$ cat my_file_19.txt   # compact mmCIF, C-alpha atoms
# COMPACT_ATOMS: atom_id res chain seq x y z
CA ASP A 74 0.00 0.00 0.00
CA GLY A 75 1.24 3.49 -0.82
CA GLY A 76 1.64 5.97 1.96
CA ILE A 77 3.90 8.02 4.19
CA THR A 78 5.95 6.47 6.96
CA GLN A 79 7.21 8.53 9.83
CA SER A 80 9.51 6.98 12.34
CA PRO A 81 9.72 6.65 15.22
CA LYS A 82 6.29 7.46 16.71
CA TYR A 83 7.86 8.65 19.94
CA LEU A 84 11.33 10.13 20.36
CA PHE A 85 13.14 11.33 23.45
CA ARG A 86 16.30 13.42 23.37
CA LYS A 87 18.40 15.35 25.79
CA GLU A 88 18.50 19.11 25.53
CA GLY A 89 21.31 20.34 23.30
CA GLN A 90 21.32 17.30 21.02
CA ASN A 91 20.35 17.42 17.38
CA VAL A 92 17.74 14.87 16.33
CA THR A 93 16.56 13.79 12.88
CA LEU A 94 12.98 12.77 12.16
CA SER A 95 12.36 10.45 9.24
CA CYS A 96 9.69 10.85 6.56
CA GLU A 97 9.48 8.40 3.65
CA GLN A 98 6.80 8.17 0.96
CA ASN A 99 6.24 5.61 -1.79
CA LEU A 100 3.53 7.59 -3.57
CA ASN A 101 5.89 9.15 -6.12
CA HIS A 102 4.75 12.57 -4.92
CA ASP A 103 6.85 15.58 -5.86
CA ALA A 104 6.09 17.91 -2.97
CA MET A 105 6.73 17.15 0.69
CA TYR A 106 6.02 19.17 3.82
CA TRP A 107 6.86 19.26 7.52
CA TYR A 108 4.41 20.63 10.09
CA ARG A 109 4.62 21.12 13.81
CA GLN A 110 1.70 21.01 16.26
CA ASP A 111 1.66 22.45 19.77
CA PRO A 112 -1.24 22.07 22.21
CA GLY A 113 -4.20 24.26 21.28
CA GLN A 114 -2.62 25.40 18.02
CA GLY A 115 -3.03 24.47 14.41
CA LEU A 116 -0.40 22.71 12.38
CA ARG A 117 2.33 25.17 11.40
CA LEU A 118 4.56 24.79 8.35
CA ILE A 119 8.27 24.32 9.05
CA TYR A 120 9.77 23.50 5.64
CA TYR A 121 8.55 22.26 2.29
CA SER A 122 10.09 20.89 -0.88
CA GLN A 123 8.56 20.91 -4.33
CA ILE A 124 11.28 18.90 -6.08
CA VAL A 125 14.43 16.98 -5.28
CA ASN A 126 17.38 19.11 -4.14
CA ASP A 127 15.16 22.11 -3.50
CA PHE A 128 13.33 23.25 -0.37
CA GLN A 129 11.82 26.41 1.10
CA LYS A 130 11.38 27.76 4.61
CA GLY A 131 7.88 27.79 6.03
CA ASP A 132 6.52 29.98 8.80
CA ILE A 133 8.64 28.58 11.64
CA ALA A 134 11.90 27.32 10.09
CA GLU A 135 14.29 28.71 12.70
CA GLY A 136 16.17 25.93 14.50
CA TYR A 137 15.31 23.30 11.87
CA SER A 138 17.05 21.98 8.77
CA VAL A 139 15.97 19.62 5.98
CA SER A 140 17.36 17.84 2.96
CA ARG A 141 15.75 16.40 -0.15
CA GLU A 142 18.34 14.19 -1.81
CA LYS A 143 15.78 11.61 -2.92
CA LYS A 144 12.21 12.07 -4.08
CA GLU A 145 10.86 9.64 -1.51
CA SER A 146 12.66 11.04 1.54
CA PHE A 147 12.44 14.38 3.39
CA PRO A 148 14.18 14.14 6.77
CA LEU A 149 13.83 16.95 9.32
CA THR A 150 16.65 17.78 11.74
CA VAL A 151 15.72 19.55 14.94
CA THR A 152 18.86 21.37 15.98
CA SER A 153 19.98 22.56 19.38
CA ALA A 154 19.13 26.10 18.19
CA GLN A 155 15.39 25.29 18.30
CA LYS A 156 14.28 26.83 21.59
CA ASN A 157 11.14 24.72 22.16
CA PRO A 158 11.61 21.46 20.28
CA THR A 159 9.11 19.38 22.25
CA ALA A 160 6.12 19.03 19.92
CA PHE A 161 4.24 16.75 17.55
CA TYR A 162 5.72 16.68 14.03
CA LEU A 163 3.69 15.71 10.96
CA CYS A 164 4.95 15.04 7.45
CA ALA A 165 2.85 15.32 4.29
CA SER A 166 3.21 14.92 0.55
CA ARG A 167 1.31 15.98 -2.54
CA GLU A 168 1.47 15.18 -6.22
CA GLN A 169 2.10 18.31 -8.28
CA GLY A 170 -1.01 19.59 -9.96
CA HIS A 171 -3.32 17.70 -7.60
CA TYR A 172 -5.29 18.95 -4.62
CA GLY A 173 -4.92 16.03 -2.27
CA TYR A 174 -2.35 15.94 0.53
CA THR A 175 -1.35 12.67 2.18
CA PHE A 176 -0.17 12.70 5.78
CA GLY A 177 1.97 10.46 7.92
CA SER A 178 0.90 9.54 11.43
CA GLY A 179 3.45 11.81 13.08
CA THR A 180 6.35 11.73 15.52
CA ARG A 181 6.05 13.06 19.05
CA LEU A 182 9.39 14.51 20.12
CA THR A 183 10.13 15.14 23.77
CA VAL A 184 13.31 16.93 24.76
CA VAL A 185 14.31 16.63 28.39
CA ILE B 60 1.11 34.87 9.41
CA LEU B 61 -2.51 34.62 8.29
CA ASN B 62 -5.14 33.21 10.62
CA VAL B 63 -7.52 30.38 9.91
CA GLU B 64 -10.05 30.26 12.71
CA GLN B 65 -12.21 27.30 13.67
CA SER B 66 -15.11 27.28 16.07
CA PRO B 67 -16.07 25.87 18.39
CA GLN B 68 -12.80 24.52 19.80
CA SER B 69 -14.58 21.46 21.18
CA LEU B 70 -18.06 20.02 21.10
CA HIS B 71 -19.88 17.23 22.91
CA VAL B 72 -23.10 15.96 21.35
CA GLN B 73 -25.40 13.02 21.89
CA GLU B 74 -25.62 10.21 19.39
CA GLY B 75 -28.16 11.14 16.74
CA ASP B 76 -27.69 14.90 17.07
CA SER B 77 -26.75 16.94 14.05
CA THR B 78 -23.92 19.40 14.41
CA ASN B 79 -21.90 21.93 12.47
CA PHE B 80 -18.55 23.67 12.71
CA THR B 81 -17.21 26.87 11.21
CA CYS B 82 -13.93 27.68 9.51
CA SER B 83 -13.18 31.33 8.71
CA PHE B 84 -10.25 32.55 6.66
CA PRO B 85 -8.89 35.55 4.76
CA SER B 86 -10.09 35.32 1.18
CA SER B 87 -7.10 36.89 -0.61
CA ASN B 88 -5.05 34.58 -2.88
CA PHE B 89 -7.58 31.81 -2.28
CA TYR B 90 -6.81 28.53 -4.00
CA ALA B 91 -8.71 25.84 -2.09
CA LEU B 92 -10.25 24.98 1.29
CA HIS B 93 -9.60 21.52 2.73
CA TRP B 94 -11.41 19.63 5.49
CA TYR B 95 -9.71 16.77 7.30
CA ARG B 96 -10.82 14.31 9.92
CA TRP B 97 -8.12 13.39 12.43
CA GLU B 98 -8.45 10.55 14.89
CA THR B 99 -5.95 10.19 17.70
CA ALA B 100 -2.81 8.19 16.72
CA LYS B 101 -3.84 8.14 13.06
CA SER B 102 -3.07 10.24 9.99
CA PRO B 103 -5.40 13.09 9.06
CA GLU B 104 -7.94 11.81 6.54
CA ALA B 105 -9.10 14.06 3.72
CA LEU B 106 -12.84 14.75 3.71
CA PHE B 107 -13.30 17.49 1.14
CA VAL B 108 -11.41 19.91 -1.06
CA MET B 109 -13.44 22.88 -2.23
CA THR B 110 -12.27 25.43 -4.75
CA LEU B 111 -15.23 27.47 -5.99
CA ASN B 112 -17.41 29.98 -4.20
CA GLY B 113 -20.71 28.29 -3.44
CA ASP B 114 -19.25 24.78 -3.58
CA GLU B 115 -21.16 22.16 -1.63
CA LYS B 116 -19.72 18.69 -1.07
CA LYS B 117 -21.27 15.65 0.58
CA LYS B 118 -19.93 12.31 1.75
CA GLY B 119 -22.50 10.16 3.52
CA ARG B 120 -23.74 12.07 6.58
CA ILE B 121 -21.07 14.75 6.28
CA SER B 122 -21.36 17.80 4.06
CA ALA B 123 -19.55 21.11 3.63
CA THR B 124 -20.19 24.50 2.07
CA LEU B 125 -17.85 27.25 0.97
CA ASN B 126 -18.15 31.04 0.73
CA THR B 127 -14.90 32.50 -0.58
CA LYS B 128 -16.20 36.07 -0.80
CA GLU B 129 -16.88 36.34 2.91
CA GLY B 130 -14.20 33.81 3.88
CA TYR B 131 -15.97 30.95 5.62
CA SER B 132 -16.81 27.27 5.29
CA TYR B 133 -19.23 25.13 7.27
CA LEU B 134 -18.95 21.41 7.96
CA TYR B 135 -22.18 19.60 8.86
CA ILE B 136 -22.62 16.16 10.37
CA LYS B 137 -26.14 14.75 10.29
CA GLY B 138 -27.14 12.17 12.89
CA SER B 139 -23.77 12.02 14.69
CA GLN B 140 -22.43 8.60 15.64
CA PRO B 141 -19.74 7.72 18.23
CA GLU B 142 -17.38 6.81 15.38
CA ASP B 143 -17.58 10.44 14.21
CA SER B 144 -15.61 11.44 17.31
CA ALA B 145 -12.41 13.04 16.05
CA THR B 146 -10.77 16.41 15.49
CA TYR B 147 -11.96 18.15 12.34
CA LEU B 148 -9.38 20.39 10.73
CA CYS B 149 -9.84 22.96 8.03
CA ALA B 150 -6.90 24.20 6.00
CA LEU B 151 -6.67 27.09 3.61
CA GLU B 152 -4.56 26.58 0.52
CA ARG B 153 -3.13 29.73 -1.02
CA TRP B 154 -0.55 30.62 -3.57
CA GLY B 155 2.76 31.20 -1.83
CA GLY B 156 3.79 34.10 -4.03
CA ILE B 157 6.79 34.69 -6.27
CA SER B 158 9.37 34.38 -3.46
CA SER B 159 8.31 30.77 -2.89
CA GLY B 160 8.20 29.89 -6.58
CA SER B 161 4.40 30.25 -6.51
CA ALA B 162 4.19 27.17 -4.34
CA ARG B 163 0.86 26.35 -2.78
CA GLN B 164 0.84 26.15 1.01
CA LEU B 165 -1.67 24.91 3.56
CA THR B 166 -2.48 26.97 6.64
CA PHE B 167 -4.43 25.02 9.23
CA GLY B 168 -6.96 26.03 11.81
CA SER B 169 -6.55 24.63 15.31
CA GLY B 170 -9.40 22.19 14.82
CA THR B 171 -12.75 21.35 16.36
CA GLN B 172 -12.65 18.35 18.68
CA LEU B 173 -15.95 16.46 18.42
CA THR B 174 -17.04 13.89 20.98
CA VAL B 175 -20.23 11.97 20.26
CA LEU B 176 -21.67 10.37 23.38
CA PRO B 177 -23.58 7.08 23.00
$ encode --input "my_file_19.txt" --output "structure tokens"
Amino acid sequence: DGGITQSPKYLFRKEGQNVTLSCEQNLNHDAMYWYRQDPGQGLRLIYYSQIVNDFQKGDIAEGYSVSREKKESFPLTVTSAQKNPTAFYLCASREQGHYGYTFGSGTRLTVV
Amino acid sequence: ILNVEQSPQSLHVQEGDSTNFTCSFPSSNFYALHWYRWETAKSPEALFVMTLNGDEKKKGRISATLNTKEGYSYLYIKGSQPEDSATYLCALERWGGISSGSARQLTFGSGTQLTVLP
């Protein structure tokens, strides 16, 4: 079955450590997105990529980095510069020219 | 950062009740309005994508309307069932502008959490 896989579901890290969240899709979608959710708030866009080797900052990119070396993969690194990294992170993809977005099931990151 | 507002924030209804939620948004650079259903520990599931002013969509007991001129959309659930319990998200899709290569971006509301009591 085609879809988006985010791993792991739960992740714990110590403060000051970088951590990379995985997002893999086998839908052959061109565009991929990373969102963050905090309690009581909507999903906010961190980074997005429309094609391989290209990506753009979203609304809250500070303290995050991404890469898009392969079409199917869009990993997100939460760096030590991110002041409040504890949150729920959701990855999505979309085929260019289509309306529908497909979402992963998310990774909950806790930094202690 | 533009605001997409959803109300109410949460709702408890009895099984069999009909209910509706509101999503309001700025109407400039409108491209599409999405509704998603999100159950805990699962991926958000697409319900509707609406693009034209006056659009009405229906899927079973769930329907949605769109007014792009005044910037709002309603989601209706007729005869709510316990399995309808979830968070309902709306998301505005707009053109990102020249600086983003005219990419389309989704801006989400904070959701309406529906609990249907048996």
$ closest_residue --input "my_file_19.txt" --among "B:Asp76, B:Glu98, B:Asp143, B:Asp114" --to "chain A" --atoms "only C-alpha atoms"
B:Glu98
$ axis_aligned_box --input "my_file_19.txt" --around "region 147-163 of chain A" --padding-each-side "3 Å" --output "lines of an AutoDock Vina configuration file"
center_x = 11.8
center_y = 20.5
center_z = 12.8
size_x = 22.3
size_y = 18.7
size_z = 24.9
$ interface_residues --input "my_file_19.txt" --of "chain B" --to "chain A" --cutoff "9 Å" --atoms "only C-alpha atoms" --output "mmCIF file with C-alpha atoms, in the coordinates of the input"
data_model
loop_
_atom_site.group_PDB
_atom_site.id
_atom_site.type_symbol
_atom_site.label_atom_id
_atom_site.label_comp_id
_atom_site.auth_asym_id
_atom_site.auth_seq_id
_atom_site.Cartn_x
_atom_site.Cartn_y
_atom_site.Cartn_z
ATOM 1 C CA ILE B 60 1.110 34.870 9.410
ATOM 2 C CA VAL B 63 -7.520 30.380 9.910
ATOM 3 C CA GLN B 68 -12.800 24.520 19.800
ATOM 4 C CA ALA B 91 -8.710 25.840 -2.090
ATOM 5 C CA HIS B 93 -9.600 21.520 2.730
ATOM 6 C CA ALA B 100 -2.810 8.190 16.720
ATOM 7 C CA LYS B 101 -3.840 8.140 13.060
ATOM 8 C CA SER B 102 -3.070 10.240 9.990
ATOM 9 C CA PRO B 103 -5.400 13.090 9.060
ATOM 10 C CA GLU B 104 -7.940 11.810 6.540
ATOM 11 C CA ALA B 105 -9.100 14.060 3.720
ATOM 12 C CA VAL B 108 -11.410 19.910 -1.060
ATOM 13 C CA LEU B 148 -9.380 20.390 10.730
ATOM 14 C CA SER B 159 8.310 30.770 -2.890
ATOM 15 C CA ALA B 162 4.190 27.170 -4.340
ATOM 16 C CA GLN B 164 0.840 26.150 1.010
ATOM 17 C CA LEU B 165 -1.670 24.910 3.560
ATOM 18 C CA THR B 166 -2.480 26.970 6.640
ATOM 19 C CA PHE B 167 -4.430 25.020 9.230
ATOM 20 C CA GLY B 168 -6.960 26.030 11.810
ATOM 21 C CA SER B 169 -6.550 24.630 15.310
ATOM 22 C CA GLY B 170 -9.400 22.190 14.820
#
$ closest_residue --input "my_file_19.txt" --among "A:Asp127, A:Phe85, A:His102, A:Gln90" --to "Ala154 (chain A)" --atoms "only C-alpha atoms"
A:Gln90
$ closest_residue --input "my_file_19.txt" --among "A:Ile119, A:Ile124, A:Leu84, A:Val185" --to "Val139 (chain A)" --atoms "all atoms listed in the file"
A:Ile119
$ atom_distance --input "my_file_19.txt" --atom1 "CA of Pro141 (chain B)" --atom2 "CA of Ser77 (chain B)"
12.3 Å
$ closest_residue --input "my_file_19.txt" --among "A:Ser146, A:Ser138, A:Thr152, A:Thr159" --to "Leu100 (chain A)" --atoms "all atoms listed in the file"
A:Ser146
$ residues_around --input "my_file_19.txt" --residues "Thr146 (chain B)" --least-positions-apart "6" --cutoff "8 Å" --atoms "all atoms listed in the file" --output "list in words"
Arg96, Trp97, Glu98, Gly170, Thr171, Gln172 and Leu173 of chain B
$ write_last_selection --input "my_file_19.txt" --atoms "C-alpha atoms" --output "PDB file, keeping the file's coordinate frame"
ATOM      1  CA  ARG B  96     -10.820  14.310   9.920  1.00  0.00           C
ATOM      2  CA  TRP B  97      -8.120  13.390  12.430  1.00  0.00           C
ATOM      3  CA  GLU B  98      -8.450  10.550  14.890  1.00  0.00           C
ATOM      4  CA  GLY B 170      -9.400  22.190  14.820  1.00  0.00           C
ATOM      5  CA  THR B 171     -12.750  21.350  16.360  1.00  0.00           C
ATOM      6  CA  GLN B 172     -12.650  18.350  18.680  1.00  0.00           C
ATOM      7  CA  LEU B 173     -15.950  16.460  18.420  1.00  0.00           C
TER       8      LEU B 173
END
$ residues_around --input "my_file_19.txt" --residues "Ile121 (chain B)" --least-positions-apart "6" --cutoff "8 Å" --atoms "only C-alpha atoms" --output "number ranges by chain"
B: 134-137
$ atom_distance --input "my_file_19.txt" --atom1 "CA of Asn126 (chain A)" --atom2 "CA of Asn101 (chain A)"
15.3 Å
$ closest_residue --input "my_file_19.txt" --among "A:Val92, A:Gln79, A:Arg86, A:Gly170" --to "Glu145 (chain A)" --atoms "only C-alpha atoms"
A:Gln79
$ atom_distance --input "my_file_19.txt" --atom1 "CA of Gly113 (chain B)" --atom2 "CA of Asn126 (chain B)"
5.6 Å
$ residues_near_point --input "my_file_19.txt" --point "(-18.1, 31.2, -2.1)" --cutoff "12 Å" --atoms "only C-alpha atoms" --output "list in words"
Ser83, Phe84, Ser86, Phe89, Tyr90, Ala91, Leu92, Met109, Thr110, Leu111, Asn112, Gly113, Asp114, Glu115, Ala123, Thr124, Leu125, Asn126, Thr127, Lys128, Glu129, Gly130, Tyr131, Ser132 and Tyr133 of chain B
$ residues_around --input "my_file_19.txt" --residues "Pro148 (chain A)" --least-positions-apart "3" --cutoff "8 Å" --atoms "only C-alpha atoms" --output "PyMOL selection string"
chain A and resi 93-96+139-141
$ build_atoms --input "my_file_19.txt" --residues "region 86-118 of chain A" --atoms "N, CA and C atoms" --output "PDB file, in the frame of the given file"
ATOM      1  N   ARG A  86      14.917  12.950  23.509  1.00  0.00           N
ATOM      2  CA  ARG A  86      16.300  13.420  23.370  1.00  0.00           C
ATOM      3  C   ARG A  86      16.636  14.347  24.518  1.00  0.00           C
ATOM      4  N   LYS A  87      17.926  14.413  24.764  1.00  0.00           N
ATOM      5  CA  LYS A  87      18.400  15.350  25.790  1.00  0.00           C
ATOM      6  C   LYS A  87      18.552  16.732  25.154  1.00  0.00           C
ATOM      7  N   GLU A  88      18.346  17.730  25.994  1.00  0.00           N
ATOM      8  CA  GLU A  88      18.500  19.110  25.530  1.00  0.00           C
ATOM      9  C   GLU A  88      19.914  19.313  24.995  1.00  0.00           C
ATOM     10  N   GLY A  89      20.016  20.050  23.883  1.00  0.00           N
ATOM     11  CA  GLY A  89      21.310  20.340  23.300  1.00  0.00           C
ATOM     12  C   GLY A  89      21.737  19.367  22.219  1.00  0.00           C
ATOM     13  N   GLN A  90      20.987  18.272  22.058  1.00  0.00           N
ATOM     14  CA  GLN A  90      21.320  17.300  21.020  1.00  0.00           C
ATOM     15  C   GLN A  90      20.495  17.561  19.779  1.00  0.00           C
ATOM     16  N   ASN A  91      21.125  17.395  18.615  1.00  0.00           N
ATOM     17  CA  ASN A  91      20.350  17.420  17.380  1.00  0.00           C
ATOM     18  C   ASN A  91      19.627  16.078  17.234  1.00  0.00           C
ATOM     19  N   VAL A  92      18.485  16.106  16.572  1.00  0.00           N
ATOM     20  CA  VAL A  92      17.740  14.870  16.330  1.00  0.00           C
ATOM     21  C   VAL A  92      17.107  14.952  14.951  1.00  0.00           C
ATOM     22  N   THR A  93      17.114  13.827  14.228  1.00  0.00           N
ATOM     23  CA  THR A  93      16.560  13.790  12.880  1.00  0.00           C
ATOM     24  C   THR A  93      15.317  12.916  12.843  1.00  0.00           C
ATOM     25  N   LEU A  94      14.241  13.484  12.310  1.00  0.00           N
ATOM     26  CA  LEU A  94      12.980  12.770  12.160  1.00  0.00           C
ATOM     27  C   LEU A  94      12.859  12.305  10.712  1.00  0.00           C
ATOM     28  N   SER A  95      12.428  11.060  10.562  1.00  0.00           N
ATOM     29  CA  SER A  95      12.360  10.450   9.240  1.00  0.00           C
ATOM     30  C   SER A  95      10.980  10.602   8.626  1.00  0.00           C
ATOM     31  N   CYS A  96      10.940  10.849   7.311  1.00  0.00           N
ATOM     32  CA  CYS A  96       9.690  10.850   6.560  1.00  0.00           C
ATOM     33  C   CYS A  96       9.969  10.228   5.189  1.00  0.00           C
ATOM     34  N   GLU A  97       9.304   9.119   4.916  1.00  0.00           N
ATOM     35  CA  GLU A  97       9.480   8.400   3.650  1.00  0.00           C
ATOM     36  C   GLU A  97       8.126   8.177   3.006  1.00  0.00           C
ATOM     37  N   GLN A  98       8.054   8.419   1.672  1.00  0.00           N
ATOM     38  CA  GLN A  98       6.800   8.170   0.960  1.00  0.00           C
ATOM     39  C   GLN A  98       7.075   7.328  -0.290  1.00  0.00           C
ATOM     40  N   ASN A  99       6.125   6.432  -0.588  1.00  0.00           N
ATOM     41  CA  ASN A  99       6.240   5.610  -1.790  1.00  0.00           C
ATOM     42  C   ASN A  99       5.101   5.905  -2.759  1.00  0.00           C
ATOM     43  N   LEU A 100       4.649   7.153  -2.745  1.00  0.00           N
ATOM     44  CA  LEU A 100       3.530   7.590  -3.570  1.00  0.00           C
ATOM     45  C   LEU A 100       3.994   8.264  -4.854  1.00  0.00           C
ATOM     46  N   ASN A 101       5.311   8.433  -4.983  1.00  0.00           N
ATOM     47  CA  ASN A 101       5.890   9.150  -6.120  1.00  0.00           C
ATOM     48  C   ASN A 101       5.441  10.618  -6.174  1.00  0.00           C
ATOM     49  N   HIS A 102       5.160  11.174  -4.989  1.00  0.00           N
ATOM     50  CA  HIS A 102       4.750  12.570  -4.920  1.00  0.00           C
ATOM     51  C   HIS A 102       5.951  13.491  -5.022  1.00  0.00           C
ATOM     52  N   ASP A 103       5.750  14.626  -5.699  1.00  0.00           N
ATOM     53  CA  ASP A 103       6.850  15.580  -5.860  1.00  0.00           C
ATOM     54  C   ASP A 103       7.065  16.445  -4.626  1.00  0.00           C
ATOM     55  N   ALA A 104       5.981  16.941  -4.058  1.00  0.00           N
ATOM     56  CA  ALA A 104       6.090  17.910  -2.970  1.00  0.00           C
ATOM     57  C   ALA A 104       5.976  17.222  -1.605  1.00  0.00           C
ATOM     58  N   MET A 105       6.784  17.676  -0.672  1.00  0.00           N
ATOM     59  CA  MET A 105       6.730  17.150   0.690  1.00  0.00           C
ATOM     60  C   MET A 105       6.808  18.305   1.683  1.00  0.00           C
ATOM     61  N   TYR A 106       6.212  18.089   2.851  1.00  0.00           N
ATOM     62  CA  TYR A 106       6.020  19.170   3.820  1.00  0.00           C
ATOM     63  C   TYR A 106       6.274  18.644   5.238  1.00  0.00           C
ATOM     64  N   TRP A 107       6.759  19.543   6.100  1.00  0.00           N
ATOM     65  CA  TRP A 107       6.860  19.260   7.520  1.00  0.00           C
ATOM     66  C   TRP A 107       6.056  20.291   8.300  1.00  0.00           C
ATOM     67  N   TYR A 108       5.213  19.775   9.231  1.00  0.00           N
ATOM     68  CA  TYR A 108       4.410  20.630  10.090  1.00  0.00           C
ATOM     69  C   TYR A 108       4.728  20.304  11.545  1.00  0.00           C
ATOM     70  N   ARG A 109       4.472  21.297  12.370  1.00  0.00           N
ATOM     71  CA  ARG A 109       4.620  21.120  13.810  1.00  0.00           C
ATOM     72  C   ARG A 109       3.288  21.465  14.472  1.00  0.00           C
ATOM     73  N   GLN A 110       2.905  20.690  15.505  1.00  0.00           N
ATOM     74  CA  GLN A 110       1.700  21.010  16.260  1.00  0.00           C
ATOM     75  C   GLN A 110       2.041  21.147  17.733  1.00  0.00           C
ATOM     76  N   ASP A 111       1.571  22.233  18.323  1.00  0.00           N
ATOM     77  CA  ASP A 111       1.660  22.450  19.770  1.00  0.00           C
ATOM     78  C   ASP A 111       0.245  22.448  20.329  1.00  0.00           C
ATOM     79  N   PRO A 112       0.108  22.148  21.622  1.00  0.00           N
ATOM     80  CA  PRO A 112      -1.240  22.070  22.210  1.00  0.00           C
ATOM     81  C   PRO A 112      -2.060  23.322  21.953  1.00  0.00           C
ATOM     82  N   GLY A 113      -3.292  23.134  21.483  1.00  0.00           N
ATOM     83  CA  GLY A 113      -4.200  24.260  21.280  1.00  0.00           C
ATOM     84  C   GLY A 113      -3.922  25.068  20.022  1.00  0.00           C
ATOM     85  N   GLN A 114      -2.949  24.655  19.234  1.00  0.00           N
ATOM     86  CA  GLN A 114      -2.620  25.400  18.020  1.00  0.00           C
ATOM     87  C   GLN A 114      -2.804  24.536  16.790  1.00  0.00           C
ATOM     88  N   GLY A 115      -2.958  25.200  15.667  1.00  0.00           N
ATOM     89  CA  GLY A 115      -3.030  24.470  14.410  1.00  0.00           C
ATOM     90  C   GLY A 115      -1.663  23.996  13.971  1.00  0.00           C
ATOM     91  N   LEU A 116      -1.653  23.156  12.975  1.00  0.00           N
ATOM     92  CA  LEU A 116      -0.400  22.710  12.380  1.00  0.00           C
ATOM     93  C   LEU A 116       0.298  23.892  11.712  1.00  0.00           C
ATOM     94  N   ARG A 117       1.584  24.057  11.987  1.00  0.00           N
ATOM     95  CA  ARG A 117       2.330  25.170  11.400  1.00  0.00           C
ATOM     96  C   ARG A 117       3.443  24.625  10.510  1.00  0.00           C
ATOM     97  N   LEU A 118       3.630  25.269   9.368  1.00  0.00           N
ATOM     98  CA  LEU A 118       4.560  24.790   8.350  1.00  0.00           C
ATOM     99  C   LEU A 118       5.994  25.138   8.721  1.00  0.00           C
TER     100      LEU A 118
END
